[in-house]
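Below is work04.txt, which holds compact mmCIF, C-alpha atoms.
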```txt
# COMPACT_ATOMS: atom_id res chain seq x y z
CA MET A 1 87.71 -78.33 52.90
CA VAL A 2 88.51 -78.33 49.16
CA LYS A 3 90.45 -81.61 49.48
CA LYS A 4 87.50 -83.20 51.27
CA ILE A 5 85.07 -82.12 48.53
CA LEU A 6 87.41 -83.39 45.80
CA ALA A 7 87.85 -86.69 47.61
CA GLN A 8 84.09 -87.14 47.92
CA CYS A 9 83.58 -86.25 44.25
CA TYR A 10 86.21 -88.81 43.27
CA ILE A 11 84.51 -91.51 45.35
CA TYR A 12 81.08 -90.74 43.89
CA LEU A 13 82.56 -90.72 40.38
CA MET A 14 84.08 -94.17 40.92
CA LEU A 15 80.79 -95.48 42.31
CA LEU A 16 78.96 -94.05 39.29
CA VAL A 17 81.37 -95.75 36.89
CA MET A 18 80.99 -99.04 38.77
CA TYR A 19 77.23 -99.12 39.12
CA LEU A 20 75.92 -97.19 36.12
CA PRO A 21 76.15 -100.20 33.74
CA ILE A 22 74.29 -102.35 36.27
CA LEU A 23 71.60 -99.71 36.74
CA LEU A 24 71.14 -99.45 32.97
CA LEU A 25 70.77 -103.22 32.80
CA VAL A 26 68.16 -103.13 35.57
CA VAL A 27 66.19 -100.35 33.87
CA PHE A 28 66.17 -102.05 30.48
CA SER A 29 65.11 -105.36 31.99
CA PHE A 30 61.61 -103.81 32.10
CA THR A 31 61.29 -103.38 28.35
CA VAL A 32 61.06 -105.99 25.61
CA SER A 33 63.61 -104.32 23.32
CA ASP A 34 66.32 -106.63 21.98
CA GLN A 35 68.95 -103.94 22.48
CA VAL A 36 69.93 -101.99 25.58
CA GLY A 37 69.32 -98.30 24.94
CA ILE A 38 66.06 -98.67 23.03
CA TRP A 39 62.97 -98.24 25.22
CA THR A 40 59.77 -99.77 23.84
CA GLY A 41 57.57 -99.34 26.89
CA PHE A 42 57.41 -100.68 30.43
CA SER A 43 56.82 -104.43 30.61
CA PHE A 44 57.50 -107.52 32.75
CA GLN A 45 57.60 -109.71 29.64
CA LEU A 46 61.33 -110.43 29.91
CA TYR A 47 60.78 -111.93 33.37
CA VAL A 48 58.01 -114.12 31.94
CA ASP A 49 60.29 -115.15 29.07
CA LEU A 50 63.06 -115.88 31.55
CA PHE A 51 61.07 -118.52 33.41
CA ASN A 52 59.79 -119.96 30.12
CA ASN A 53 63.31 -120.46 28.78
CA LYS A 54 63.95 -124.06 29.89
CA ASP A 55 67.59 -124.20 28.81
CA LEU A 56 68.45 -120.97 30.61
CA MET A 57 66.57 -121.99 33.75
CA GLU A 58 68.41 -125.31 33.77
CA ALA A 59 71.69 -123.42 33.53
CA VAL A 60 70.56 -121.19 36.41
CA GLY A 61 69.74 -124.22 38.53
CA ASN A 62 73.11 -125.81 37.77
CA THR A 63 74.90 -122.55 38.58
CA PHE A 64 73.26 -122.13 41.96
CA LEU A 65 73.78 -125.81 42.75
CA ILE A 66 77.52 -125.75 42.13
CA ALA A 67 77.86 -122.36 43.85
CA THR A 68 76.02 -123.55 46.96
CA VAL A 69 77.86 -126.86 47.27
CA SER A 70 81.30 -125.40 46.63
CA ALA A 71 80.64 -122.44 48.96
CA ILE A 72 79.60 -124.76 51.80
CA VAL A 73 82.66 -126.98 51.33
CA SER A 74 84.98 -123.97 51.00
CA THR A 75 83.51 -122.35 54.11
CA LEU A 76 84.01 -125.49 56.19
CA ILE A 77 87.57 -126.05 55.01
CA GLY A 78 88.52 -122.37 55.09
CA ALA A 79 87.06 -121.68 58.54
CA LEU A 80 88.55 -124.79 60.14
CA GLY A 81 91.84 -124.12 58.38
CA ALA A 82 91.91 -120.55 59.70
CA VAL A 83 91.27 -121.74 63.27
CA GLY A 84 93.89 -124.47 62.99
CA THR A 85 96.44 -122.07 61.52
CA TYR A 86 95.74 -119.45 64.18
CA TYR A 87 96.60 -121.90 66.96
CA SER A 88 99.61 -123.39 65.14
CA LYS A 89 103.23 -122.61 65.86
CA LYS A 90 104.63 -119.39 64.45
CA LYS A 91 106.75 -120.97 61.68
CA ALA A 92 103.98 -123.30 60.53
CA ARG A 93 101.49 -120.42 60.60
CA LYS A 94 103.69 -118.25 58.36
CA ARG A 95 104.13 -121.05 55.84
CA ILE A 96 100.41 -121.78 55.66
CA GLU A 97 99.54 -118.09 55.35
CA THR A 98 102.02 -117.75 52.48
CA MET A 99 100.50 -120.75 50.72
CA THR A 100 96.98 -119.33 51.06
CA GLN A 101 98.07 -116.22 49.16
CA ILE A 102 98.93 -118.21 46.01
CA PRO A 103 95.36 -119.04 44.88
CA VAL A 104 94.38 -115.39 45.35
CA VAL A 105 97.10 -113.91 43.14
CA ASN A 106 97.49 -116.88 40.78
CA ALA A 107 95.91 -116.68 37.33
CA GLU A 108 92.66 -118.62 37.15
CA ILE A 109 93.64 -120.20 33.84
CA VAL A 110 96.68 -121.74 35.55
CA MET A 111 94.51 -123.38 38.21
CA ALA A 112 92.02 -124.60 35.61
CA LEU A 113 94.69 -126.14 33.37
CA SER A 114 96.62 -127.70 36.25
CA LEU A 115 93.48 -129.29 37.68
CA ALA A 116 92.42 -130.54 34.25
CA VAL A 117 95.85 -132.14 33.72
CA LEU A 118 95.71 -133.67 37.20
CA PHE A 119 92.30 -135.24 36.64
CA VAL A 120 93.35 -136.60 33.26
CA ALA A 121 96.51 -138.07 34.81
CA LEU A 122 94.36 -139.75 37.47
CA SER A 123 92.03 -141.07 34.75
CA LEU A 124 89.08 -139.22 36.24
CA LYS A 125 86.22 -138.16 34.02
CA PHE A 126 85.03 -134.58 34.22
CA THR A 127 81.93 -134.72 36.40
CA PHE A 128 80.15 -132.68 39.03
CA PHE A 129 82.80 -133.81 41.53
CA THR A 130 85.70 -132.40 39.50
CA LEU A 131 83.78 -129.17 39.08
CA VAL A 132 83.22 -128.86 42.83
CA VAL A 133 86.91 -129.49 43.48
CA GLY A 134 87.86 -126.76 41.03
CA HIS A 135 85.50 -124.21 42.57
CA VAL A 136 86.67 -125.09 46.08
CA VAL A 137 90.31 -124.58 45.05
CA LEU A 138 89.31 -121.19 43.65
CA THR A 139 87.35 -119.95 46.67
CA VAL A 140 88.70 -121.59 49.83
CA ALA A 141 91.53 -119.06 50.25
CA PHE A 142 89.02 -116.19 50.29
CA VAL A 143 87.13 -117.82 53.17
CA TYR A 144 90.40 -118.19 55.08
CA LEU A 145 91.28 -114.52 54.51
CA ASN A 146 87.85 -113.43 55.82
CA VAL A 147 87.96 -115.58 58.95
CA LYS A 148 91.55 -114.78 59.87
CA PRO A 149 90.97 -111.11 60.90
CA LYS A 150 88.10 -112.14 63.18
CA LEU A 151 90.40 -114.58 64.95
CA SER A 152 93.02 -111.84 65.36
CA GLN A 153 90.40 -109.54 66.94
CA MET A 154 89.35 -112.24 69.41
CA ASP A 155 90.79 -112.46 72.92
CA PRO A 156 93.39 -115.26 72.59
CA PHE A 157 92.94 -116.35 76.20
CA THR A 158 89.18 -116.95 76.01
CA TYR A 159 89.54 -120.38 74.45
CA GLU A 160 92.22 -121.42 76.96
CA ALA A 161 90.06 -120.18 79.82
CA ALA A 162 87.19 -122.34 78.61
CA LEU A 163 89.49 -125.37 78.57
CA ASP A 164 90.76 -124.57 82.08
CA LEU A 165 87.15 -124.44 83.28
CA GLY A 166 86.57 -128.00 82.07
CA ALA A 167 85.15 -127.50 78.59
CA LYS A 168 86.14 -130.02 75.93
CA PRO A 169 87.99 -128.66 72.87
CA THR A 170 85.01 -129.28 70.56
CA TYR A 171 82.58 -127.62 72.96
CA ALA A 172 84.92 -124.65 73.48
CA LEU A 173 85.30 -124.30 69.72
CA TYR A 174 81.53 -124.26 69.27
CA LYS A 175 80.69 -121.99 72.22
CA VAL A 176 83.68 -119.64 72.37
CA ILE A 177 85.40 -119.32 69.00
CA LEU A 178 82.51 -119.86 66.59
CA PRO A 179 80.34 -116.94 67.84
CA GLU A 180 83.32 -114.60 67.47
CA ILE A 181 84.12 -115.54 63.87
CA ILE A 182 80.59 -115.94 62.48
CA PRO A 183 80.73 -112.56 60.64
CA GLY A 184 83.93 -113.66 58.91
CA ILE A 185 82.42 -117.03 58.05
CA LEU A 186 79.34 -115.41 56.54
CA SER A 187 81.47 -112.96 54.55
CA GLY A 188 83.66 -115.80 53.33
CA PHE A 189 80.61 -117.82 52.32
CA MET A 190 79.14 -114.94 50.35
CA ILE A 191 82.42 -114.22 48.57
CA SER A 192 82.97 -117.87 47.67
CA PHE A 193 79.34 -118.15 46.53
CA THR A 194 79.58 -115.12 44.23
CA LEU A 195 82.98 -116.16 42.87
CA SER A 196 81.59 -119.57 42.01
CA LEU A 197 78.40 -118.05 40.65
CA ASP A 198 80.07 -116.13 37.84
CA ASP A 199 83.10 -118.35 37.23
CA PHE A 200 83.72 -119.34 33.63
CA VAL A 201 87.30 -120.51 33.15
CA ILE A 202 87.41 -123.32 35.73
CA THR A 203 83.85 -124.34 34.90
CA GLN A 204 84.61 -124.55 31.19
CA TYR A 205 87.65 -126.77 31.73
CA LEU A 206 86.31 -129.09 34.45
CA LYS A 207 82.62 -129.59 33.71
CA GLU A 208 81.08 -132.48 31.86
CA PRO A 209 79.90 -131.58 28.31
CA SER A 210 76.18 -131.71 29.12
CA PHE A 211 76.46 -129.56 32.25
CA GLU A 212 75.87 -125.86 31.55
CA THR A 213 76.04 -122.91 33.93
CA ILE A 214 74.96 -119.34 33.24
CA SER A 215 78.40 -118.26 32.05
CA THR A 216 79.01 -121.29 29.82
CA TYR A 217 75.45 -121.15 28.46
CA ILE A 218 75.79 -117.49 27.46
CA GLN A 219 79.24 -118.07 25.97
CA LYS A 220 77.89 -120.97 23.97
CA ILE A 221 74.84 -119.13 22.66
CA ILE A 222 76.56 -115.85 21.70
CA ALA A 223 78.85 -117.77 19.36
CA LYS A 224 75.86 -118.19 17.02
CA HIS A 225 73.13 -115.85 18.28
CA PRO A 226 72.81 -112.51 20.17
CA ILE A 227 72.40 -112.63 23.93
CA PRO A 228 68.72 -113.36 24.74
CA PRO A 229 66.96 -110.26 26.17
CA GLU A 230 65.68 -112.27 29.14
CA VAL A 231 69.27 -112.49 30.39
CA ARG A 232 68.84 -108.86 31.46
CA ALA A 233 66.01 -109.96 33.75
CA LEU A 234 68.16 -112.77 35.14
CA THR A 235 71.10 -110.49 35.93
CA THR A 236 68.73 -108.03 37.60
CA LEU A 237 67.35 -110.74 39.89
CA ILE A 238 70.85 -111.94 40.76
CA PHE A 239 72.02 -108.39 41.48
CA LEU A 240 69.02 -107.67 43.72
CA GLY A 241 69.49 -110.97 45.55
CA VAL A 242 73.16 -110.26 46.25
CA LEU A 243 72.28 -106.69 47.29
CA VAL A 244 69.76 -107.93 49.85
CA VAL A 245 72.26 -110.39 51.32
CA VAL A 246 75.06 -107.81 51.54
CA VAL A 247 72.82 -105.19 53.13
CA GLY A 248 71.45 -107.74 55.58
CA ASN A 249 74.94 -108.88 56.56
CA THR A 250 76.07 -105.26 57.01
CA ILE A 251 73.10 -104.48 59.26
CA TYR A 252 73.77 -107.62 61.31
CA ASN A 253 77.46 -106.74 61.77
CA ASN A 254 76.66 -103.13 62.72
CA ARG A 255 74.10 -104.22 65.31
CA LYS A 256 76.50 -106.75 66.75
CA ALA A 257 79.26 -104.12 66.97
CA LYS A 258 76.90 -101.70 68.72
CA ASN A 259 75.89 -104.39 71.22
CA VAL A 260 79.55 -105.14 71.98
CA ILE A 261 80.33 -101.45 72.50
CA SER A 262 77.25 -101.05 74.69
CA LYS A 263 78.24 -104.01 76.85
CA ARG A 264 81.76 -102.65 77.27
CA ARG A 265 80.44 -99.27 78.34
CA ARG A 266 78.22 -100.95 80.93
CA GLY A 267 81.15 -103.04 82.08
CA VAL A 268 79.44 -106.33 81.25
```

Here is the file; what I need is its structure written in the form of structure tokens.
Amino acid sequence: MVKKILAQCYIYLMLLVMYLPILLLVVFSFTVSDQVGIWTGFSFQLYVDLFNNKDLMEAVGNTFLIATVSAIVSTLIGALGAVGTYYSKKKARKRIETMTQIPVVNAEIVMALSLAVLFVALSLKFTFFTLVVGHVVLTVAFVYLNVKPKLSQMDPFTYEAALDLGAKPTYALYKVILPEIIPGILSGFMISFTLSLDDFVITQYLKEPSFETISTYIQKIIAKHPIPPEVRALTTLIFLGVLVVVVGNTIYNNRKAKNVISKRRRGV
């Protein structure tokens, strides 16, 4: 009993340490004070200032654009790669799985520098394309690692049964495999989107000079000025948006799991 209480206290303490700074940021996004910790009265003025800050809003638009494009590309490559690896031979599957671990544990600065050197060697200018490539290299392995467990949980003979019944490989992939791995695909998309959203190192090395994202914009402005107070409003909106998506995905997965359990109990 004592161990259980201590374990719960430890978990709640860790959660408090993790989320207290974010909660403080959310609270102080509703006051016009330049410094966090000084309350000057409840106000939505920072949110008004946020949408009036053209440079910051342009950086926000660029950030969401690169995050969306790179997340879509990473999800397609990672999901198809996971399916292809799952149905590969054992030796080939082990080699590919080992290679997918490298981007996860590798230092981001190494990837950024290596890609920058590669593009320079190929005489390619740093453009939106090079930035997308960099973000895809960063995030595609995380999509693979999210889809892989869903494939392992799937009945391996379902796909073969569909082929034996006359279904074409593409149709069987769409009707049999895809519904089973959708939760993993969605999780992989969200992870790749959030990783791209707050990336700084790869973005700084591979972007064109006039292209600013949230991270590069803030880094550029704090070199000469304090962080604008309206950034607190921006981070609050991003946090709430991610929270809604995560909660929605969790509810969807729980309902799907309950439906599967219910069908198994009924013998469907």

- Message: Report as a list in words all protein, DNA and RNA residues lying within 12 Å of Leu173 of chain A, evaluated on only C-alpha atoms, omitting residues in the same chain fewer than 4 positions from it.
- Response: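 Contacts, in chain order: Ala79, Leu80, Val83, Gly84, Tyr87, Leu151, Thr158, Tyr159, Glu160, Ala161, Ala162, Leu163, Ala167, Lys168, Pro169, Ile177, Leu178, Pro179, Glu180 and Ile181 of chain A.
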
- Query: atom CA of Val36 of chain A to atom CA of Phe239 of chain A: how many Å, to one decimal?
  - Reply: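 Result for atom CA of Val36 of chain A versus atom CA of Phe239 of chain A: 17.3 Å, one decimal.
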
- Query: Which neighbours of Ile202 of chain A fall inside 12 Å, counting all atoms listed in the file, when residues of the same chain fewer than 6 positions from it are skipped, and could you give them as a list of chain:residue names?
  - Reply: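 Final neighbour list, sorted by chain and number: A:Ala107, A:Glu108, A:Ile109, A:Val110, A:Met111, A:Ala112, A:Leu113, A:Ser114, A:Leu115, A:Ala116, A:Phe126, A:Thr130, A:Leu131, A:Val132, A:Val133, A:Gly134, A:His135, A:Val136, A:Val137, A:Leu138, A:Thr139, A:Leu195, A:Ser196, A:Glu208, A:Thr213, A:Ser215, A:Thr216.
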
- Spatial neighbours of segment 46-58 of chain A, max dist 7 Å, all atoms listed in the file, sep filter under 2 positions, as a list in words: Ser29, Phe30, Val32, Phe44, Val60, Gly61, Asn62, Pro229, Glu230, Ala233 and Leu234 of chain A

- Any idea what's packed within 7 Å of Ile185 of chain A, counting all atoms listed in the file, ignoring anything in its chain fewer than 2 positions away? Could you give it as a PyMOL selection string? chain A and resi 75+79+143+146-147+181-183+187-189

- Message: Would you compute the distance between atom CA of Arg265 of chain A and atom CA of Asp164 of chain A? Give it in Å to one decimal.
- Response: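 These atoms are spaced 27.6 Å apart.
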
- What does the distance between atom CA of Lys207 of chain A and atom CA of Ile222 of chain A come to in Å, to one decimal place?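 Pair atom CA of Lys207 of chain A / atom CA of Ile222 of chain A returns 19.2 Å.
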
Counting only C-alpha atoms, which residues come within 7 Å of (79.6, -109.4, 57.4), with the point read in the file's coordinates, and could you list them as a compact mmCIF listing (two decimals) with C-alpha atoms, keeping the file's coordinate frame?
```txt
# COMPACT_ATOMS: atom_id res chain seq x y z
CA PRO A 183 80.73 -112.56 60.64
CA GLY A 184 83.93 -113.66 58.91
CA LEU A 186 79.34 -115.41 56.54
CA SER A 187 81.47 -112.96 54.55
CA ASN A 249 74.94 -108.88 56.56
CA THR A 250 76.07 -105.26 57.01
CA ASN A 253 77.46 -106.74 61.77
```

Please, can segment 252-263 of chain A be completed to all heavy atoms and returned as a compact mmCIF listing (two decimals), in the frame of the given file?
```
# COMPACT_ATOMS: atom_id res chain seq x y z
N TYR A 252 73.50 -106.67 60.21
CA TYR A 252 73.77 -107.62 61.31
C TYR A 252 75.09 -107.30 61.99
O TYR A 252 75.18 -107.26 63.23
CB TYR A 252 73.79 -109.04 60.74
CG TYR A 252 74.30 -110.08 61.72
CD1 TYR A 252 73.48 -110.60 62.72
CD2 TYR A 252 75.62 -110.55 61.63
CE1 TYR A 252 73.95 -111.53 63.61
CE2 TYR A 252 76.10 -111.49 62.52
CZ TYR A 252 75.27 -111.98 63.51
OH TYR A 252 75.74 -112.93 64.40
N ASN A 253 76.15 -107.05 61.20
CA ASN A 253 77.46 -106.74 61.77
C ASN A 253 77.44 -105.43 62.54
O ASN A 253 78.07 -105.31 63.61
CB ASN A 253 78.51 -106.68 60.66
CG ASN A 253 78.80 -108.05 60.06
OD1 ASN A 253 78.59 -109.07 60.70
ND2 ASN A 253 79.29 -108.07 58.84
N ASN A 254 76.74 -104.43 62.03
CA ASN A 254 76.66 -103.13 62.72
C ASN A 254 75.93 -103.26 64.05
O ASN A 254 76.35 -102.68 65.06
CB ASN A 254 75.96 -102.11 61.84
CG ASN A 254 76.79 -101.70 60.64
OD1 ASN A 254 78.01 -101.86 60.64
ND2 ASN A 254 76.16 -101.17 59.61
N ARG A 255 74.84 -104.02 64.06
CA ARG A 255 74.10 -104.22 65.31
C ARG A 255 74.93 -104.98 66.33
O ARG A 255 74.92 -104.66 67.52
CB ARG A 255 72.79 -104.97 65.02
CG ARG A 255 71.74 -104.11 64.32
CD ARG A 255 70.46 -104.90 64.12
NE ARG A 255 69.42 -104.07 63.51
CZ ARG A 255 68.20 -104.50 63.20
NH1 ARG A 255 67.88 -105.78 63.44
NH2 ARG A 255 67.32 -103.69 62.65
N LYS A 256 75.66 -105.98 65.84
CA LYS A 256 76.50 -106.75 66.75
C LYS A 256 77.61 -105.88 67.33
O LYS A 256 77.92 -105.96 68.53
CB LYS A 256 77.11 -107.94 66.02
CG LYS A 256 77.90 -108.87 66.93
CD LYS A 256 78.39 -110.10 66.19
CE LYS A 256 79.15 -111.01 67.14
NZ LYS A 256 79.64 -112.24 66.46
N ALA A 257 78.21 -105.02 66.49
CA ALA A 257 79.26 -104.12 66.97
C ALA A 257 78.72 -103.14 68.00
O ALA A 257 79.37 -102.86 69.02
CB ALA A 257 79.88 -103.38 65.79
N LYS A 258 77.51 -102.63 67.75
CA LYS A 258 76.90 -101.70 68.72
C LYS A 258 76.61 -102.40 70.04
O LYS A 258 76.79 -101.81 71.11
CB LYS A 258 75.61 -101.13 68.12
CG LYS A 258 75.84 -100.14 66.99
CD LYS A 258 74.51 -99.60 66.46
CE LYS A 258 74.74 -98.62 65.32
NZ LYS A 258 73.45 -98.10 64.78
N ASN A 259 76.16 -103.64 69.98
CA ASN A 259 75.89 -104.39 71.22
C ASN A 259 77.17 -104.63 72.01
O ASN A 259 77.17 -104.54 73.25
CB ASN A 259 75.23 -105.73 70.88
CG ASN A 259 73.82 -105.56 70.35
OD1 ASN A 259 73.15 -104.58 70.63
ND2 ASN A 259 73.36 -106.53 69.58
N VAL A 260 78.27 -104.93 71.30
CA VAL A 260 79.55 -105.14 71.98
C VAL A 260 80.02 -103.86 72.65
O VAL A 260 80.46 -103.87 73.81
CB VAL A 260 80.60 -105.64 70.97
CG1 VAL A 260 81.98 -105.67 71.62
CG2 VAL A 260 80.24 -107.03 70.47
N ILE A 261 79.91 -102.74 71.92
CA ILE A 261 80.33 -101.45 72.50
C ILE A 261 79.46 -101.09 73.69
O ILE A 261 79.95 -100.60 74.71
CB ILE A 261 80.25 -100.35 71.42
CG1 ILE A 261 81.27 -100.62 70.31
CG2 ILE A 261 80.49 -98.98 72.04
CD1 ILE A 261 81.16 -99.67 69.14
N SER A 262 78.15 -101.35 73.58
CA SER A 262 77.25 -101.05 74.69
C SER A 262 77.57 -101.87 75.93
O SER A 262 77.55 -101.36 77.06
CB SER A 262 75.80 -101.32 74.23
OG SER A 262 74.89 -101.07 75.27
N LYS A 263 77.90 -103.15 75.71
CA LYS A 263 78.24 -104.01 76.85
C LYS A 263 79.54 -103.55 77.51
O LYS A 263 79.67 -103.58 78.74
CB LYS A 263 78.38 -105.45 76.38
CG LYS A 263 77.03 -106.10 76.04
CD LYS A 263 77.23 -107.54 75.60
CE LYS A 263 75.90 -108.20 75.25
NZ LYS A 263 76.09 -109.63 74.82
```
